[in-house]
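Note: the block below is protein-v3.pdb and it holds PDB, C-alpha atoms.
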ATOM      1  CA  MET V   1      11.805 -14.569   0.655
ATOM      2  CA  SER V   2      14.387 -12.101  -0.534
ATOM      3  CA  GLU V   3      15.969 -12.487  -3.945
ATOM      4  CA  LYS V   4      18.196 -10.253  -6.031
ATOM      5  CA  ASN V   5      18.456  -9.768  -9.774
ATOM      6  CA  GLY V   6      15.458 -11.991 -10.433
ATOM      7  CA  SER V   7      13.557 -11.691 -13.672
ATOM      8  CA  ASN V   8      10.504 -10.353 -11.804
ATOM      9  CA  SER V   9      12.428  -7.806  -9.794
ATOM     10  CA  ARG V  10      11.448  -4.650 -11.637
ATOM     11  CA  GLY V  11      10.955  -1.984  -9.056
ATOM     12  CA  PHE V  12       7.859   0.115  -8.575
ATOM     13  CA  ASP V  13       7.825   3.702  -7.357
ATOM     14  CA  PRO V  14       4.872   5.604  -5.914
ATOM     15  CA  LEU V  15       3.151   7.828  -8.444
ATOM     16  CA  PRO V  16       5.063  11.101  -8.760
ATOM     17  CA  TYR V  17       3.731  14.377  -7.413
ATOM     18  CA  SER V  18       3.438  15.636 -10.990
ATOM     19  CA  VAL V  19       0.587  13.125 -11.366
ATOM     20  CA  THR V  20      -1.001  13.081  -7.895
ATOM     21  CA  ARG V  21      -1.113  16.883  -7.614
ATOM     22  CA  LEU V  22      -3.567  16.942 -10.517
ATOM     23  CA  HIS V  23      -6.112  14.910  -8.520
ATOM     24  CA  PRO V  24      -6.347  16.314  -4.978
ATOM     25  CA  GLY V  25      -8.625  14.321  -2.713
ATOM     26  CA  LYS V  26      -9.107  11.620  -5.325
ATOM     27  CA  HIS V  27      -8.264   7.966  -5.647
ATOM     28  CA  ILE V  28      -6.117   7.305  -8.706
ATOM     29  CA  VAL V  29      -5.744   4.108 -10.730
ATOM     30  CA  PHE V  30      -2.650   4.034 -12.934
ATOM     31  CA  SER V  31      -1.836   1.359 -15.505
ATOM     32  CA  GLU V  32       1.735   0.132 -15.058
ATOM     33  CA  ASP V  33       1.533  -1.508 -18.502
ATOM     34  CA  GLU V  34       0.398   1.630 -20.338
ATOM     35  CA  GLN V  35       1.983   4.148 -17.951
ATOM     36  CA  ARG V  36      -1.094   6.349 -17.757
ATOM     37  CA  VAL V  37      -3.947   7.202 -15.422
ATOM     38  CA  ILE V  38      -7.000   5.083 -16.250
ATOM     39  CA  GLY V  39      -9.305   5.999 -13.366
ATOM     40  CA  VAL V  40      -9.918   8.836 -10.922
ATOM     41  CA  GLY V  41     -12.692   9.103  -8.356
ATOM     42  CA  GLU V  42     -13.858  10.450  -5.042
ATOM     43  CA  THR V  43     -14.058   6.833  -3.878
ATOM     44  CA  LEU V  44     -12.039   3.778  -4.709
ATOM     45  CA  ASP V  45     -15.115   2.261  -6.338
ATOM     46  CA  GLU V  46     -15.528   5.278  -8.627
ATOM     47  CA  ALA V  47     -11.885   5.135  -9.655
ATOM     48  CA  CYS V  48     -12.130   1.395 -10.276
ATOM     49  CA  ALA V  49     -15.281   1.824 -12.347
ATOM     50  CA  GLN V  50     -13.453   4.280 -14.629
ATOM     51  CA  ALA V  51     -10.457   1.962 -14.839
ATOM     52  CA  GLU V  52     -12.658  -0.982 -15.728
ATOM     53  CA  ALA V  53     -14.437   1.084 -18.391
ATOM     54  CA  SER V  54     -11.051   1.857 -19.958
ATOM     55  CA  GLY V  55     -10.647  -1.822 -20.793
ATOM     56  CA  VAL V  56      -7.002  -1.703 -19.729
ATOM     57  CA  LYS V  57      -5.797  -4.945 -18.156
ATOM     58  CA  GLY V  58      -2.493  -5.755 -16.512
ATOM     59  CA  LEU V  59      -1.131  -4.420 -13.242
ATOM     60  CA  TRP V  60      -3.122  -1.567 -11.766
ATOM     61  CA  HIS V  61      -1.384   0.830  -9.401
ATOM     62  CA  PHE V  62      -3.480   2.526  -6.716
ATOM     63  CA  SER V  63      -2.556   5.925  -5.368
ATOM     64  CA  TYR V  64      -4.182   8.999  -3.863
ATOM     65  CA  GLY V  65      -3.887  12.716  -4.426
ATOM     66  CA  GLU V  66      -3.429  14.504  -1.126
ATOM     67  CA  VAL V  67      -5.359  17.702  -0.469
ATOM     68  CA  PRO V  68      -2.955  20.646  -0.023
ATOM     69  CA  GLY V  69      -2.859  21.851   3.562
ATOM     70  CA  VAL V  70      -4.162  18.584   5.024
ATOM     71  CA  TYR V  71      -1.571  16.827   7.170
ATOM     72  CA  ASN V  72      -1.276  13.359   8.690
ATOM     73  CA  VAL V  73      -0.758  12.997  12.426
TER      74      VAL V  73
ATOM     75  CA  MET X   1      16.269  -1.793  -0.156
ATOM     76  CA  ARG X   2      16.168   2.020  -0.236
ATOM     77  CA  ILE X   3      12.826   3.782  -0.456
ATOM     78  CA  PRO X   4      12.956   7.521  -1.159
ATOM     79  CA  TYR X   5      10.297   9.653   0.500
ATOM     80  CA  THR X   6       7.608  10.701  -1.968
ATOM     81  CA  GLN X   7       6.474  14.273  -2.401
ATOM     82  CA  VAL X   8       2.741  14.445  -1.674
ATOM     83  CA  GLY X   9       2.327  18.202  -1.350
ATOM     84  CA  PRO X  10       4.219  21.466  -1.355
ATOM     85  CA  ASP X  11       7.180  20.795   0.951
ATOM     86  CA  LEU X  12       5.482  17.615   2.194
ATOM     87  CA  PHE X  13       7.121  14.201   1.881
ATOM     88  CA  ARG X  14       6.058  10.760   3.121
ATOM     89  CA  PRO X  15       7.636   7.284   3.133
ATOM     90  CA  LEU X  16       5.218   5.635   0.713
ATOM     91  CA  LEU X  17       5.907   2.165  -0.614
ATOM     92  CA  PRO X  18       3.936   0.435  -3.372
ATOM     93  CA  VAL X  19       3.413  -3.243  -2.605
ATOM     94  CA  ILE X  20       1.926  -5.885  -4.879
ATOM     95  CA  ILE X  21      -0.903  -7.526  -2.988
ATOM     96  CA  HIS X  22      -1.869 -10.941  -4.280
ATOM     97  CA  SER X  23      -5.309 -12.303  -3.591
ATOM     98  CA  THR X  24      -7.393 -14.978  -5.233
ATOM     99  CA  ALA X  25      -9.282 -12.263  -7.111
ATOM    100  CA  ALA X  26      -6.496  -9.980  -8.310
ATOM    101  CA  ALA X  27      -2.965  -8.654  -7.959
ATOM    102  CA  TRP X  28      -2.803  -4.928  -7.310
ATOM    103  CA  LEU X  29      -0.008  -2.476  -6.712
ATOM    104  CA  VAL X  30      -1.108  -0.573  -3.614
ATOM    105  CA  GLU X  31       0.698   2.398  -2.097
ATOM    106  CA  GLY X  32       0.894   2.371   1.678
ATOM    107  CA  LEU X  33       2.581   4.455   4.324
ATOM    108  CA  LEU X  34       5.562   2.905   6.109
ATOM    109  CA  ASP X  35       4.295   3.658   9.605
ATOM    110  CA  PRO X  36       6.231   2.583  12.699
ATOM    111  CA  GLY X  37       3.556   4.319  14.772
ATOM    112  CA  SER X  38       0.930   1.826  13.657
ATOM    113  CA  ASP X  39       0.788  -1.400  15.662
ATOM    114  CA  LEU X  40      -0.827  -3.251  12.778
ATOM    115  CA  THR X  41      -0.664  -3.406   9.015
ATOM    116  CA  LEU X  42      -3.930  -1.855   7.964
ATOM    117  CA  LEU X  43      -5.850  -2.377   4.751
ATOM    118  CA  PRO X  44      -9.098  -0.426   4.520
ATOM    119  CA  LEU X  45     -12.158  -2.457   3.695
ATOM    120  CA  GLN X  46     -12.678  -0.734   0.347
ATOM    121  CA  TRP X  47      -9.450  -2.314  -0.943
ATOM    122  CA  ALA X  48     -10.076  -5.672   0.685
ATOM    123  CA  ALA X  49     -13.595  -5.892  -0.700
ATOM    124  CA  ARG X  50     -12.327  -5.158  -4.196
ATOM    125  CA  LEU X  51      -9.752  -7.896  -3.708
ATOM    126  CA  GLY X  52     -12.519 -10.372  -3.032
ATOM    127  CA  VAL X  53     -12.786 -10.343   0.747
ATOM    128  CA  ASP X  54     -16.072 -10.978   2.508
ATOM    129  CA  TYR X  55     -15.540  -8.889   5.661
ATOM    130  CA  GLN X  56     -18.123 -10.765   7.705
ATOM    131  CA  SER X  57     -16.320 -14.052   7.069
ATOM    132  CA  LEU X  58     -13.062 -12.786   8.613
ATOM    133  CA  SER X  59     -12.037 -13.420  12.201
ATOM    134  CA  PRO X  60     -12.721 -10.453  14.501
ATOM    135  CA  GLY X  61      -9.493  -8.885  15.698
ATOM    136  CA  GLY X  62     -10.325  -5.949  17.924
ATOM    137  CA  ALA X  63     -10.162  -2.236  17.398
ATOM    138  CA  VAL X  64      -7.653   0.419  16.434
ATOM    139  CA  THR X  65      -7.725   4.082  17.307
ATOM    140  CA  SER X  66      -7.909   6.347  14.285
ATOM    141  CA  ALA X  67      -6.031   9.622  14.009
ATOM    142  CA  THR X  68      -9.203  11.378  15.131
ATOM    143  CA  GLY X  69      -9.545   9.174  18.199
ATOM    144  CA  GLU X  70     -12.360   6.972  16.981
ATOM    145  CA  LEU X  71     -12.314   3.273  17.755
ATOM    146  CA  VAL X  72     -12.363   1.391  14.464
ATOM    147  CA  PRO X  73     -13.035  -2.367  14.432
ATOM    148  CA  TRP X  74     -10.834  -4.652  12.406
ATOM    149  CA  ARG X  75     -10.795  -8.244  11.230
ATOM    150  CA  THR X  76      -7.870 -10.449  10.279
ATOM    151  CA  TRP X  77      -7.051 -11.373   6.692
ATOM    152  CA  GLN X  78      -3.992 -13.270   5.557
ATOM    153  CA  LEU X  79      -2.476 -12.148   2.297
ATOM    154  CA  ASP X  80       0.708 -12.262   0.263
ATOM    155  CA  PHE X  81       2.966  -9.221   0.055
ATOM    156  CA  ASP X  82       5.406  -8.702  -2.818
ATOM    157  CA  VAL X  83       7.830  -5.758  -2.696
ATOM    158  CA  ARG X  84      10.049  -5.038  -5.704
ATOM    159  CA  ARG X  85      12.739  -2.367  -5.689
ATOM    160  CA  ASP X  86      16.398  -1.966  -6.525
ATOM    161  CA  MET X  87      16.453  -5.255  -8.472
ATOM    162  CA  GLU X  88      15.358  -7.003  -5.300
ATOM    163  CA  ARG X  89      12.121  -8.843  -4.612
ATOM    164  CA  ILE X  90      10.839  -9.637  -1.129
ATOM    165  CA  CYS X  91       7.727 -11.763  -0.584
ATOM    166  CA  TRP X  92       5.996 -12.936   2.538
ATOM    167  CA  ARG X  93       2.600 -13.942   3.857
ATOM    168  CA  ALA X  94       1.211 -12.120   6.848
ATOM    169  CA  ASP X  95      -1.925 -11.187   8.711
ATOM    170  CA  VAL X  96      -3.320  -7.752   8.001
ATOM    171  CA  ALA X  97      -6.061  -5.858   9.765
ATOM    172  CA  VAL X  98      -8.970  -5.083   7.477
ATOM    173  CA  THR X  99     -10.604  -1.958   8.842
ATOM    174  CA  THR X 100     -13.844  -0.253   8.109
ATOM    175  CA  ASP X 101     -13.664   2.816   5.940
ATOM    176  CA  LYS X 102     -12.907   5.265   8.763
ATOM    177  CA  ILE X 103      -9.308   4.339   7.975
ATOM    178  CA  THR X 104      -8.858   5.568   4.433
ATOM    179  CA  ARG X 105      -5.279   4.679   3.491
ATOM    180  CA  PRO X 106      -3.212   1.491   3.777
ATOM    181  CA  HIS X 107      -0.585   1.583   6.531
ATOM    182  CA  TRP X 108       2.402  -0.748   6.540
ATOM    183  CA  GLY X 109       2.705  -0.939  10.324
ATOM    184  CA  PHE X 110       4.586  -3.167  12.747
ATOM    185  CA  LYS X 111       2.680  -6.437  12.890
ATOM    186  CA  GLY X 112       2.724  -8.112   9.502
ATOM    187  CA  PHE X 113       5.240  -5.703   7.943
ATOM    188  CA  LEU X 114       7.888  -3.709   9.816
ATOM    189  CA  GLN X 115       8.361  -6.508  12.357
ATOM    190  CA  TYR X 116      10.251  -8.341   9.611
ATOM    191  CA  PHE X 117      12.703  -5.545   8.766
ATOM    192  CA  ARG X 118      15.416  -3.404  10.236
ATOM    193  CA  ALA X 119      14.153   0.020   9.213
ATOM    194  CA  GLU X 120      16.138   3.228   9.170
ATOM    195  CA  PHE X 121      14.129   6.397   8.609
ATOM    196  CA  ASP X 122      16.622   8.981   7.352
ATOM    197  CA  GLY X 123      14.773  12.274   7.452
ATOM    198  CA  PRO X 124      17.636  14.552   6.400
ATOM    199  CA  ASN X 125      18.174  12.502   3.262
ATOM    200  CA  LEU X 126      14.478  11.633   2.760
ATOM    201  CA  VAL X 127      15.028   7.913   2.430
ATOM    202  CA  VAL X 128      14.040   4.754   4.312
ATOM    203  CA  THR X 129      16.301   1.714   4.230
ATOM    204  CA  LEU X 130      14.652  -1.653   4.838
ATOM    205  CA  THR X 131      16.776  -4.718   5.540
ATOM    206  CA  PRO X 132      14.979  -8.074   5.831
ATOM    207  CA  GLY X 133      15.376  -9.808   9.167
ATOM    208  CA  ALA X 134      15.912 -13.495   9.807
ATOM    209  CA  ASN X 135      12.286 -13.689  10.949
ATOM    210  CA  LEU X 136      10.900 -12.910   7.485
ATOM    211  CA  PRO X 137       8.274 -15.629   6.914
ATOM    212  CA  THR X 138       8.630 -18.496   4.484
ATOM    213  CA  PRO X 139       8.276 -17.471   0.835
ATOM    214  CA  THR X 140       4.944 -17.591  -0.891
ATOM    215  CA  PRO X 141       5.864 -17.475  -4.594
ATOM    216  CA  ASN X 142       3.304 -16.253  -7.120
TER     217      ASN X 142
END

Before anything else, please render the file you have as structure tokens.
Amino acid sequence: MSEKNGSNSRGFDPLPYSVTRLHPGKHIVFSEDEQRVIGVGETLDEACAQAEASGVKGLWHFSYGEVPGVYNV
Amino acid sequence: MRIPYTQVGPDLFRPLLPVIIHSTAAAWLVEGLLDPGSDLTLLPLQWAARLGVDYQSLSPGGAVTSATGELVPWRTWQLDFDVRRDMERICWRADVAVTTDKITRPHWGFKGFLQYFRAEFDGPNLVVTLTPGANLPTPTPN
């Protein structure tokens, strides 16, 4: 399905480098509702545990802070 | 739908796209790499498990080769994708490959994702343009 101008069509961007650069090598959980980081961890489970402890509901956005100097191939 | 490359390091940019993944347990916004070099759409087990998947209950699919050359087994899971950008929303249901944790990041590869789009990777301008094809599967509204 492809629809335009729908009421649920708000776009989502990846987390900006200004946020991810603060958490190299870490999983990041960001609240789209509150527009803030609610969990950070070495593993996804650790990041989720922090996010759950925050009590923040709504749409969670999952990202990752890359380690400087480490490249994908 | 235009997707700017995202800065992920000093002078390092990647075509990342956040996708809402709907499962029976949750709806999450998950960033993945638009990856025409990946034959499959890959979701690491850590995400799938959190979304309520019992890995052992999934149908075995085969193996993929990781970037380090390891063979990584995968199993098939069907889920609903929901992409929202530029006042446009695109939804479809597709098979994804749930991999063990040797694959650490979601990849939006050919089967299940890029097979449904005309994709132009514009390196000089750091933008990907995705245009849905006529083969985009039937909608799965949520």

Handout entry: Two-atom distance - CA of Trp60 in chain V, CA of Pro15 in chain X (Å)
Key =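 Interatomic distance here is 20.4 Å.
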
Exercise for the section: Run the PyMOL selection byres ((chain X and resi 29-32) around 7) mentally over the shown coordinates, then write out the matched residues as a ChimeraX atom specification, using the chain letters and numbers from the document. Expected result: /V:14,59-63 /X:16-21,27-28,33-34,105-108

Exercise for the section: Spell out the residues picked by the PyMOL selection byres ((chain X) within 8 of (chain V)) here, as a PyMOL selection string. Expected result: chain X and resi 6-10+16-18+27-31+46-47+67+84-92+132+136-140

Handout entry: the PyMOL selection byres ((chain X and resi 2) around 8) resolved against shown file, as an MDAnalysis selection string
Key = chainID X and resid 1 3:4 85:86 127:130

Exercise for the section: May I ask for the distance between CA of Gln78 in chain X and CA of Phe117 in chain X, given in Å to one decimal place? Expected result: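 Computing it gives 18.7 Å between the two atoms.
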
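Near Glu42 in chain V, within 7 Å and counting only C-alpha atoms, sit Gly25, Lys26, His27 and Glu46 of chain V; same-chain residues fewer than 3 positions away were not included.
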
Practice task
Go ahead and compute the interatomic distance for CA of Asp80 in chain X and CA of His22 in chain X, in Å to one decimal.
Solution key: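 CA of His22 in chain X lies 5.4 Å from CA of Asp80 in chain X.
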
Practice task
Can you work out which one of X:Leu42, X:Leu114, X:Ile103, X:Ala63 has the shortest atom-to-atom distance to Trp77 in chain X, counting all atoms listed in the file?
Solution key: X:Leu42

Problem - Shell of 10 Å around Gln115 in chain X, all atoms listed in the file, local chain residues under 5 positions omitted, as a PyMOL selection string - result: chain X and resi 36+39-40+109-110+132-133+135-136

May I have the selected residues written with C-alpha atoms, as an mmCIF file, keeping the file's coordinate frame?
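Saved the output as result-v4.cif:
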data_model
loop_
_atom_site.group_PDB
_atom_site.id
_atom_site.type_symbol
_atom_site.label_atom_id
_atom_site.label_comp_id
_atom_site.auth_asym_id
_atom_site.auth_seq_id
_atom_site.Cartn_x
_atom_site.Cartn_y
_atom_site.Cartn_z
ATOM 1 C CA PRO X 36 6.231 2.583 12.699
ATOM 2 C CA ASP X 39 0.788 -1.400 15.662
ATOM 3 C CA LEU X 40 -0.827 -3.251 12.778
ATOM 4 C CA GLY X 109 2.705 -0.939 10.324
ATOM 5 C CA PHE X 110 4.586 -3.167 12.747
ATOM 6 C CA PRO X 132 14.979 -8.074 5.831
ATOM 7 C CA GLY X 133 15.376 -9.808 9.167
ATOM 8 C CA ASN X 135 12.286 -13.689 10.949
ATOM 9 C CA LEU X 136 10.900 -12.910 7.485
#

So that all listed atoms of range 12-26 of chain V fit with 5 Å spare on each side, what axis-aligned box centre and edge lengths in Å, to one decimal, would you give as AutoDock Vina command-line options?
--center_x -0.6 --center_y 8.5 --center_z -7.0 --size_x 27.0 --size_y 26.8 --size_z 18.7

Find the residues near Ala49 in chain V: any atom within 9 Å, counting all atoms listed in the file, skip ones fewer than 6 places away on the same chain, and give them as a compact mmCIF listing (two decimals) with C-alpha atoms, in the coordinates of the input.
# COMPACT_ATOMS: atom_id res chain seq x y z
CA GLY V 39 -9.30 6.00 -13.37
CA VAL V 40 -9.92 8.84 -10.92
CA GLY V 41 -12.69 9.10 -8.36
